[in-house]
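Chemist: After the structure tokens below, expect a handful of questions from me.
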Amino acid sequence: QVQLVESGGGLVQPGGSLRLSCAASGSIFSTSTMGWYRQAPGKERELVASITSFGTTNYADSVKGRFTISRDSAKNTVYLQMNRLKPEDTAVYYCNMKSFGMEYWGKGTLVTVSS
């Protein structure tokens with residue numbers, strides 16, 4: 001059974017930084033595509049960034065140049081470094097794993113960007 005546990009969310013001022021972490025249980029992390037999604041109040045969940053098992057990354061246009069996704073297979077963990085945060089980045093951020101046709105979600109961590 002795969003479990004994804006996010007951490008690192010919180011309140012930050014505009015222009016600040018946060019690093020989210022997602023720790024994955026199970027043995028399929030190294031072959032999985034990992035992603036971060038977010039859902040703001042009243043909006044649909046959207047892809048923020050993803051990284052394949054080969055390290056290929058993909059970013060939403062709204063975060064390019066500000067956010068960086070990375071993974072550490074030794075720790076079964078994926079990270080999202082978020083810099084130059086804006087109020088519109090406020091959302092619940094969810095970790096996602098895709099592997100062998102299966103998809104798993106974490107419970108989310110809240111990021112609030114406000115002065």
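Residues are named by chain letter and number: chains run A, B, ... in the order of the structure tokens, numbers start at 1 in each chain, and ligands are numbered from 1 in the order shown.
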May I have the residues within 10 Å of Gly10 in chain A as a PyMOL selection string, using only C-alpha atoms and disregarding those fewer than 4 positions away in the same chain?
Modeler: chain A and resi 18-20+90+109-113
Chemist: Find the residues around range 94-108 of chain A up to 10 Å (only C-alpha atoms counted), leave out those fewer than 3 positions away in its own chain, and share them as a PyMOL selection string.
Modeler: chain A and resi 1-7+9+20-24+28-39+45-53+78-80+91+111
Chemist: DSSP on the backbone, then: every residue of range 19-87 of chain A marked strand (DSSP E or B), written as number ranges by chain.
Modeler: A: 19-24, 33-39, 46-51, 57-59, 67-72, 77-82
Chemist: I need the residue nearest Ser73 in chain A from this list: A:Gly26, A:Tyr59, A:Gly15, A:Glu44. Use only C-alpha atoms for the distance.
Modeler: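 Looking only at the distances to Ser73 in chain A, the closest residue turns out to be A:Gly26.
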Chemist: Rank nothing, just name the residue among A:Ser25, A:Ser17, A:Asn83, A:Ser115 nearest to Val63 in chain A, using only C-alpha atoms.
Modeler: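 Result for the nearest residue to Val63 in chain A: A:Asn83.
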Chemist: Using only C-alpha atoms, which residue out of A:Ser27, A:Ser114, A:Gln81, A:Gln13 lies closest to Gly65 in chain A?
Modeler: A:Gln81
Chemist: Pick out each residue of range 24-94 of chain A that DSSP on the backbone tags as helix (DSSP H, G or I); I need them as a list in words.
Modeler: Phe29, Ser30, Thr31, Pro87, Glu88 and Asp89 of chain A
Chemist: Those residues you just picked out, can you put them in a file as a PDB file, in the first residue's frame with C-alpha atoms?
Modeler:
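See result-v5.pdb below for the written result:
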ATOM      1  CA  PHE A  29       8.992   5.342  -5.823  1.00  0.00           C
ATOM      2  CA  SER A  30      12.052   4.964  -8.034  1.00  0.00           C
ATOM      3  CA  THR A  31       9.975   3.973 -11.072  1.00  0.00           C
ATOM      4  CA  PRO A  87      -0.732  35.549  -3.036  1.00  0.00           C
ATOM      5  CA  GLU A  88      -2.162  33.624  -5.997  1.00  0.00           C
ATOM      6  CA  ASP A  89       0.009  30.645  -4.997  1.00  0.00           C
TER       7      ASP A  89
END
Chemist: Mind pulling up the distance from CA of Leu11 in chain A to CA of Ser62 in chain A?
Modeler: 19.9 Å
Chemist: My list of candidates is A:Leu85, A:Thr77, A:Ala40, A:Arg71. Which is closest to Phe54 in chain A when distances are computed with only C-alpha atoms?
Modeler: A:Arg71
